[in-house]
file run-v1.csv (CSV, C-alpha atoms)
chain,number,residue,atom,x,y,z
F,10,MET,CA,-30.4,-26.9,4.3
F,11,THR,CA,-28.5,-26.3,7.5
F,12,ILE,CA,-24.9,-27.7,7.5
F,13,GLU,CA,-23.7,-28.5,11.0
F,14,PRO,CA,-20.0,-27.7,11.7
F,15,SER,CA,-17.8,-30.7,11.9
F,16,GLU,CA,-16.2,-31.9,15.1
F,17,ASP,CA,-12.8,-30.7,13.8
F,18,THR,CA,-14.2,-27.2,13.0
F,19,ARG,CA,-15.8,-26.9,16.5
F,20,SER,CA,-12.5,-28.0,18.1
F,21,ALA,CA,-10.5,-25.5,16.1
F,22,VAL,CA,-12.9,-22.7,17.1
F,23,LYS,CA,-12.8,-23.7,20.7
F,24,SER,CA,-9.0,-23.7,20.7
F,25,ALA,CA,-8.9,-20.2,19.1
F,26,ASP,CA,-11.4,-18.9,21.7
F,27,ARG,CA,-9.2,-20.3,24.5
F,28,LEU,CA,-6.1,-18.7,23.0
F,29,LEU,CA,-7.7,-15.3,22.7
F,30,ASP,CA,-9.1,-15.7,26.3
F,31,LEU,CA,-5.5,-16.4,27.4
F,32,PHE,CA,-4.1,-13.3,25.7
F,33,GLU,CA,-6.8,-11.1,27.1
F,34,LEU,CA,-6.3,-12.5,30.6
F,35,LEU,CA,-2.5,-11.9,30.5
F,36,ALA,CA,-3.0,-8.4,29.2
F,37,ARG,CA,-5.0,-7.5,32.3
F,38,VAL,CA,-2.4,-8.5,34.9
F,39,ASN,CA,1.0,-7.3,35.9
F,40,GLY,CA,3.9,-9.7,36.7
F,41,GLY,CA,2.4,-12.7,35.1
F,42,LEU,CA,0.3,-15.7,36.2
F,43,SER,CA,1.1,-19.3,37.1
F,44,HIS,CA,-0.2,-22.3,35.2
F,45,SER,CA,-2.7,-23.1,38.0
F,46,ALA,CA,-3.9,-19.5,38.2
F,47,ILE,CA,-4.6,-19.4,34.5
F,48,THR,CA,-6.4,-22.7,34.7
F,49,ALA,CA,-8.6,-21.4,37.5
F,50,ALA,CA,-9.3,-18.1,35.8
F,51,LEU,CA,-10.2,-19.6,32.4
F,52,GLY,CA,-11.6,-23.0,33.4
F,53,ILE,CA,-9.3,-24.7,30.9
F,54,PRO,CA,-8.2,-28.3,31.6
F,55,LYS,CA,-4.5,-28.3,32.6
F,56,SER,CA,-3.5,-30.6,29.7
F,57,SER,CA,-5.2,-28.3,27.2
F,58,LEU,CA,-3.7,-25.2,28.7
F,59,THR,CA,-0.2,-26.8,28.6
F,60,GLN,CA,-0.6,-27.2,24.8
F,61,LEU,CA,-1.8,-23.7,24.3
F,62,LEU,CA,1.0,-22.2,26.3
F,63,LYS,CA,3.6,-24.4,24.5
F,64,THR,CA,2.3,-23.0,21.1
F,65,ALA,CA,2.1,-19.4,22.3
F,66,THR,CA,5.5,-19.4,24.0
F,67,GLY,CA,7.0,-21.0,20.9
F,68,ARG,CA,5.8,-18.2,18.7
F,69,GLY,CA,6.8,-15.5,21.2
F,70,TYR,CA,3.3,-14.4,22.1
F,71,VAL,CA,3.7,-15.6,25.7
F,72,ALA,CA,6.9,-15.5,27.8
F,73,TYR,CA,7.7,-17.8,30.6
F,74,SER,CA,9.6,-16.8,33.8
F,75,ALA,CA,11.4,-19.7,35.3
F,76,ALA,CA,12.1,-17.7,38.5
F,77,GLY,CA,8.5,-16.8,39.1
F,78,LYS,CA,7.0,-19.9,37.4
F,79,SER,CA,4.7,-17.5,35.6
F,80,TYR,CA,3.5,-16.5,32.2
F,81,ARG,CA,3.1,-13.1,30.7
F,82,LEU,CA,2.5,-11.6,27.2
F,83,GLY,CA,5.6,-11.9,25.1
F,84,GLU,CA,7.8,-9.6,23.0
F,85,ARG,CA,5.9,-10.5,19.9
F,86,PHE,CA,2.9,-8.5,21.0
F,87,THR,CA,5.1,-5.5,21.8
F,88,SER,CA,6.8,-5.8,18.5
F,89,MET,CA,3.5,-6.0,16.6
F,90,ALA,CA,2.0,-2.9,18.4
F,91,ARG,CA,5.2,-0.9,17.7
F,92,LEU,CA,5.2,-1.9,14.0
F,93,THR,CA,1.5,-0.9,13.7
F,94,SER,CA,2.2,2.5,15.3
F,95,ARG,CA,5.3,3.1,13.2
F,96,ARG,CA,3.5,2.2,10.0
F,97,GLN,CA,0.8,4.7,10.7
F,98,ASP,CA,3.5,7.4,11.3
F,99,LEU,CA,5.2,6.4,8.1
F,100,VAL,CA,2.1,7.0,5.9
F,101,GLY,CA,1.7,10.4,7.4
F,102,LEU,CA,5.3,11.4,6.7
F,103,ALA,CA,5.7,9.9,3.2
F,104,GLN,CA,4.0,12.3,0.8
F,105,PRO,CA,6.5,15.1,0.7
F,106,VAL,CA,9.4,12.6,0.6
F,107,LEU,CA,7.8,10.9,-2.4
F,108,GLU,CA,7.3,14.3,-4.1
F,109,ARG,CA,11.0,15.0,-3.6
F,110,ILE,CA,12.0,11.6,-5.2
F,111,THR,CA,9.9,12.3,-8.2
F,112,ALA,CA,11.3,15.9,-8.5
F,113,GLN,CA,14.9,14.5,-8.4
F,114,THR,CA,14.4,11.5,-10.7
F,115,GLY,CA,11.5,12.6,-13.0
F,116,GLU,CA,9.9,9.2,-12.3
F,117,SER,CA,6.9,7.9,-10.4
F,118,ALA,CA,7.4,7.0,-6.7
F,119,ALA,CA,5.3,5.1,-4.2
F,120,LEU,CA,5.2,3.9,-0.6
F,121,ASN,CA,4.2,0.2,-0.3
F,122,MET,CA,3.2,-1.8,2.8
F,123,LEU,CA,2.5,-5.5,3.4
F,124,LYS,CA,-1.1,-6.6,3.0
F,125,GLY,CA,-1.4,-10.4,3.3
F,126,ASP,CA,0.9,-11.9,0.7
F,127,ASP,CA,0.9,-8.7,-1.4
F,128,ALA,CA,2.5,-5.2,-1.4
F,129,GLU,CA,-0.1,-2.4,-1.3
F,130,VAL,CA,0.5,1.1,-2.6
F,131,VAL,CA,-0.5,3.4,0.3
F,132,ALA,CA,1.0,6.7,-1.0
F,133,THR,CA,2.1,7.7,-4.5
F,134,VAL,CA,3.3,10.5,-6.7
F,135,SER,CA,3.1,10.2,-10.5
F,136,SER,CA,5.7,11.5,-13.0
F,137,SER,CA,4.6,14.3,-15.3
F,138,GLN,CA,6.3,12.8,-18.3
F,139,ARG,CA,4.2,11.6,-21.2
F,140,LEU,CA,5.3,8.0,-20.9
F,141,VAL,CA,4.8,7.1,-17.3
F,142,SER,CA,4.1,4.2,-14.9
F,143,HIS,CA,1.0,5.0,-12.8
F,144,MET,CA,0.9,3.4,-9.3
F,145,ARG,CA,-2.5,4.0,-7.8
F,146,LEU,CA,-3.6,4.0,-4.2
F,147,GLY,CA,-4.7,0.6,-3.2
F,148,ASP,CA,-2.9,-1.2,-6.0
F,149,LEU,CA,-1.8,-4.7,-4.9
F,150,ALA,CA,1.0,-6.9,-6.3
F,151,PRO,CA,2.5,-10.2,-5.3
F,152,LEU,CA,5.6,-9.8,-3.1
F,153,TYR,CA,7.7,-11.8,-5.5
F,154,ALA,CA,6.9,-9.7,-8.6
F,155,THR,CA,7.7,-6.1,-7.6
F,156,SER,CA,10.8,-4.4,-6.2
F,157,GLY,CA,8.8,-2.9,-3.4
F,158,GLY,CA,7.4,-6.3,-2.5
F,159,LYS,CA,10.7,-8.2,-2.7
F,160,ILE,CA,12.5,-5.8,-0.3
F,161,ILE,CA,9.6,-6.1,2.2
F,162,LEU,CA,9.9,-9.9,1.9
F,163,ALA,CA,13.7,-9.8,2.3
F,164,HIS,CA,13.4,-8.1,5.7
F,165,MET,CA,10.7,-10.3,7.0
F,166,LEU,CA,11.2,-12.4,10.1
F,167,GLN,CA,12.8,-15.7,9.0
F,168,ASP,CA,9.9,-17.9,10.2
F,169,ARG,CA,7.4,-15.7,8.4
F,170,GLN,CA,9.5,-15.6,5.3
F,171,ASP,CA,9.8,-19.4,5.3
F,172,GLU,CA,6.1,-19.8,5.8
F,173,TYR,CA,5.5,-17.5,2.8
F,174,LEU,CA,8.0,-19.4,0.6
F,175,ALA,CA,6.4,-22.7,1.5
F,176,ARG,CA,2.9,-21.6,0.4
F,177,VAL,CA,3.5,-19.1,-2.4
F,178,ARG,CA,2.4,-20.1,-5.9
F,179,PHE,CA,4.2,-18.3,-8.7
F,180,GLU,CA,1.9,-16.9,-11.4
F,181,PRO,CA,3.4,-16.0,-14.8
F,182,ILE,CA,2.3,-12.4,-14.8
F,183,THR,CA,4.8,-11.5,-17.5
F,184,ALA,CA,7.5,-13.4,-19.3
F,185,ASN,CA,10.0,-12.2,-16.7
F,186,THR,CA,8.1,-13.1,-13.5
F,187,LEU,CA,10.0,-15.3,-11.1
F,188,SER,CA,8.9,-18.9,-11.2
F,189,SER,CA,10.7,-20.7,-8.4
F,190,GLY,CA,11.3,-20.4,-4.7
F,191,ALA,CA,15.0,-21.2,-5.2
F,192,GLU,CA,15.5,-18.2,-7.5
F,193,LEU,CA,13.5,-15.9,-5.2
F,194,ARG,CA,15.7,-17.0,-2.2
F,195,ARG,CA,18.8,-16.2,-4.2
F,196,GLN,CA,17.4,-12.7,-5.0
F,197,LEU,CA,16.4,-12.1,-1.4
F,198,ASP,CA,19.9,-13.0,-0.1
F,199,LYS,CA,21.3,-10.4,-2.6
F,200,ILE,CA,18.7,-7.8,-1.7
F,201,ARG,CA,19.7,-8.1,2.0
F,202,ARG,CA,23.4,-7.7,1.2
F,203,ASP,CA,22.9,-4.8,-1.2
F,204,GLY,CA,20.0,-3.0,0.4
F,205,ILE,CA,18.1,-2.5,-2.8
F,206,ALA,CA,15.6,-4.6,-4.9
F,207,TYR,CA,14.8,-4.6,-8.6
F,208,SER,CA,12.0,-5.8,-10.7
F,209,HIS,CA,12.8,-6.0,-14.4
F,210,GLU,CA,9.5,-6.1,-16.2
F,211,GLU,CA,8.3,-8.8,-13.8
F,212,PHE,CA,4.9,-7.3,-13.0
F,213,THR,CA,4.2,-4.9,-15.8
F,214,PRO,CA,5.8,-5.3,-19.3
F,215,GLY,CA,8.1,-2.4,-20.1
F,216,ILE,CA,8.4,-1.2,-16.5
F,217,ILE,CA,11.4,-1.5,-14.3
F,218,GLY,CA,11.3,-0.9,-10.5
F,219,LEU,CA,13.8,-0.1,-7.8
F,220,ALA,CA,13.1,-0.1,-4.1
F,221,LYS,CA,14.6,0.4,-0.6
F,222,ALA,CA,13.1,-0.6,2.7
F,223,VAL,CA,12.1,1.7,5.6
F,224,LEU,CA,13.1,-0.4,8.6
F,225,ALA,CA,11.8,-0.7,12.1
F,226,GLU,CA,14.2,-1.0,15.1
F,227,ASP,CA,14.0,-4.8,14.9
F,228,GLY,CA,15.0,-4.9,11.2
F,229,GLN,CA,11.6,-5.6,9.8
F,230,ALA,CA,10.3,-3.5,7.0
F,231,LEU,CA,7.7,-0.9,8.0
F,232,GLY,CA,7.3,-0.4,4.2
F,233,SER,CA,9.2,0.2,1.1
F,234,LEU,CA,9.9,3.2,-1.2
F,235,ASN,CA,10.0,2.4,-4.9
F,236,VAL,CA,10.5,4.1,-8.2
F,237,ALA,CA,9.0,2.8,-11.4
F,238,LEU,CA,10.1,3.9,-14.8
F,239,PRO,CA,9.7,2.8,-18.5
F,240,ALA,CA,12.5,0.4,-19.5
F,241,ILE,CA,13.3,2.7,-22.5
F,242,ARG,CA,14.5,5.3,-19.9
F,243,TYR,CA,16.4,2.8,-17.8
F,244,THR,CA,20.1,3.6,-18.1
F,245,PRO,CA,23.1,3.2,-15.7
F,246,ARG,CA,22.9,6.9,-15.1
F,247,ALA,CA,19.2,6.7,-14.3
F,248,GLU,CA,19.7,3.7,-12.0
F,249,ALA,CA,22.4,5.5,-10.0
F,250,LEU,CA,20.3,8.7,-9.7
F,251,ILE,CA,17.2,6.7,-8.5
F,252,ALA,CA,19.3,4.6,-6.1
F,253,ASP,CA,20.8,7.8,-4.6
F,254,ALA,CA,17.3,9.4,-4.3
F,255,LEU,CA,15.9,6.4,-2.6
F,256,HIS,CA,18.8,6.2,-0.2
F,257,GLU,CA,18.4,9.9,0.8
F,258,ALA,CA,14.6,9.5,1.1
F,259,VAL,CA,14.9,6.4,3.4
F,260,ALA,CA,17.4,8.2,5.6
F,261,GLU,CA,15.1,11.2,5.9
F,262,LEU,CA,12.1,9.0,6.8
F,263,HIS,CA,14.2,7.2,9.5
F,264,ARG,CA,15.2,10.6,11.0
F,265,ARG,CA,11.6,11.8,11.0
F,266,LEU,CA,10.3,8.5,12.5
F,267,ALA,CA,12.9,8.8,15.3
F,268,SER,CA,11.6,12.2,16.3
F,269,ALA,CA,7.9,11.4,15.8

call {"tool": "encode", "arguments": {"input": "run-v1.csv", "output": "structure tokens"}}
result
Amino acid sequence: MTIEPSEDTRSAVKSADRLLDLFELLARVNGGLSHSAITAALGIPKSSLTQLLKTATGRGYVAYSAAGKSYRLGERFTSMARLTSRRQDLVGLAQPVLERITAQTGESAALNMLKGDDAEVVATVSSSQRLVSHMRLGDLAPLYATSGGKIILAHMLQDRQDEYLARVRFEPITANTLSSGAELRRQLDKIRRDGIAYSHEEFTPGIIGLAKAVLAEDGQALGSLNVALPAIRYTPRAEALIADALHEAVAELHRRLASA
């Protein structure tokens, strides 16, 4: 049986096509285009184009010049391209830095990056101790449940963070997993102030995590470095040692990214 798409579905697809056509058109020109020029080039009714431009400018994907009465691609595109490039650089630079963290602390270390609403392990080094937390390449965890995920979330653009908090559903992964947006917001405020995030057996029973963010020029997190260790080895001395190692590692990665 063939199911015909609904009128709402066809309308949504048409709007998406028009928005992509708009972006591709603006990417091909220098200096921007007027409303009438865009209408002529794309064959979009003026009223429909006005709504598309309002949405795109509101989100920063298109910028309007009052002096020239023209539209061009906005800073959001530039920022996204820069972030993508920097993230690729970061993955290439991370492995020796992670190895140094593990050598200094004796614990497993990882580089995490945002993937949807999860933090993904994209580089990792495991401790050689008998009792160890293994973080495997490709492992995914909810942002609210791990130190590496929380600190990425803490440095997210405010509108994106608000969108995430509005839709997230907290799953009781362990007895310690956060269960409310209010508590998560309180933690995120503290993380931004202190520059470090913690997960106290919130994703894996018996495992504690600490993380710091590797930041882009605009303050967003390119990724996060985290250390995971068994709770039985978590002492004030171990916490201080790990925090210092993460601080040094992040500073080194920032220096390397600046010269990349």

call {"tool": "residues_around", "arguments": {"input": "run-v1.csv", "residues": "stretch 36-50 of chain F", "least_positions_apart": "6", "cutoff": "6 Å", "atoms": "all atoms listed in the file", "output": "list of chain:residue names"}}
result
F:Lys78, F:Ser79, F:Tyr80, F:Arg81

call {"tool": "residues_around", "arguments": {"input": "run-v1.csv", "residues": "F:Glu116", "least_positions_apart": "5", "cutoff": "6 Å", "atoms": "all atoms listed in the file", "output": "list in words"}}
result
Thr111, Ser136 and Leu238 of chain F

call {"tool": "residues_around", "arguments": {"input": "run-v1.csv", "residues": "F:Ile160", "least_positions_apart": "3", "cutoff": "8 Å", "atoms": "all atoms listed in the file", "output": "VMD selection string"}}
result
chain F and resid 156 to 157 163 to 164 197 200 to 201 205 to 206 220 to 222 230 233

call {"tool": "closest_residue", "arguments": {"input": "run-v1.csv", "among": "F:Pro181, F:Gly158, F:Gly52, F:Pro239", "to": "F:Tyr207", "atoms": "only C-alpha atoms"}}
result
F:Gly158

call {"tool": "atom_distance", "arguments": {"input": "run-v1.csv", "atom1": "atom CA of F:Ala175", "atom2": "atom CA of F:Asp127"}}
result
15.3 Å

call {"tool": "closest_residue", "arguments": {"input": "run-v1.csv", "among": "F:Leu62, F:Ser188, F:Thr114, F:Leu234", "to": "F:Leu29", "atoms": "all atoms listed in the file"}}
result
F:Leu62

call {"tool": "axis_aligned_box", "arguments": {"input": "run-v1.csv", "around": "stretch 56-67 of chain F", "padding_each_side": "4 Å", "output": "JSON"}}
result
{"center_x": 0.9, "center_y": -25.0, "center_z": 25.3, "size_x": 20.2, "size_y": 19.2, "size_z": 16.8}

call {"tool": "closest_residue", "arguments": {"input": "run-v1.csv", "among": "F:Ala112, F:Ile182, F:Leu166, F:Leu149", "to": "F:Ala128", "atoms": "only C-alpha atoms"}}
result
F:Leu149

call {"tool": "atom_distance", "arguments": {"input": "run-v1.csv", "atom1": "atom CA of F:Gly67", "atom2": "atom CA of F:Phe179"}}
result
29.9 Å

call {"tool": "residues_around", "arguments": {"input": "run-v1.csv", "residues": "stretch 101-108 of chain F", "least_positions_apart": "4", "cutoff": "8 Å", "atoms": "only C-alpha atoms", "output": "ChimeraX atom specification"}}
result
/F:97,112,118-120,132-134,258,261-262,265

call {"tool": "atom_distance", "arguments": {"input": "run-v1.csv", "atom1": "atom CA of F:Arg85", "atom2": "atom CA of F:Lys124"}}
result
18.7 Å
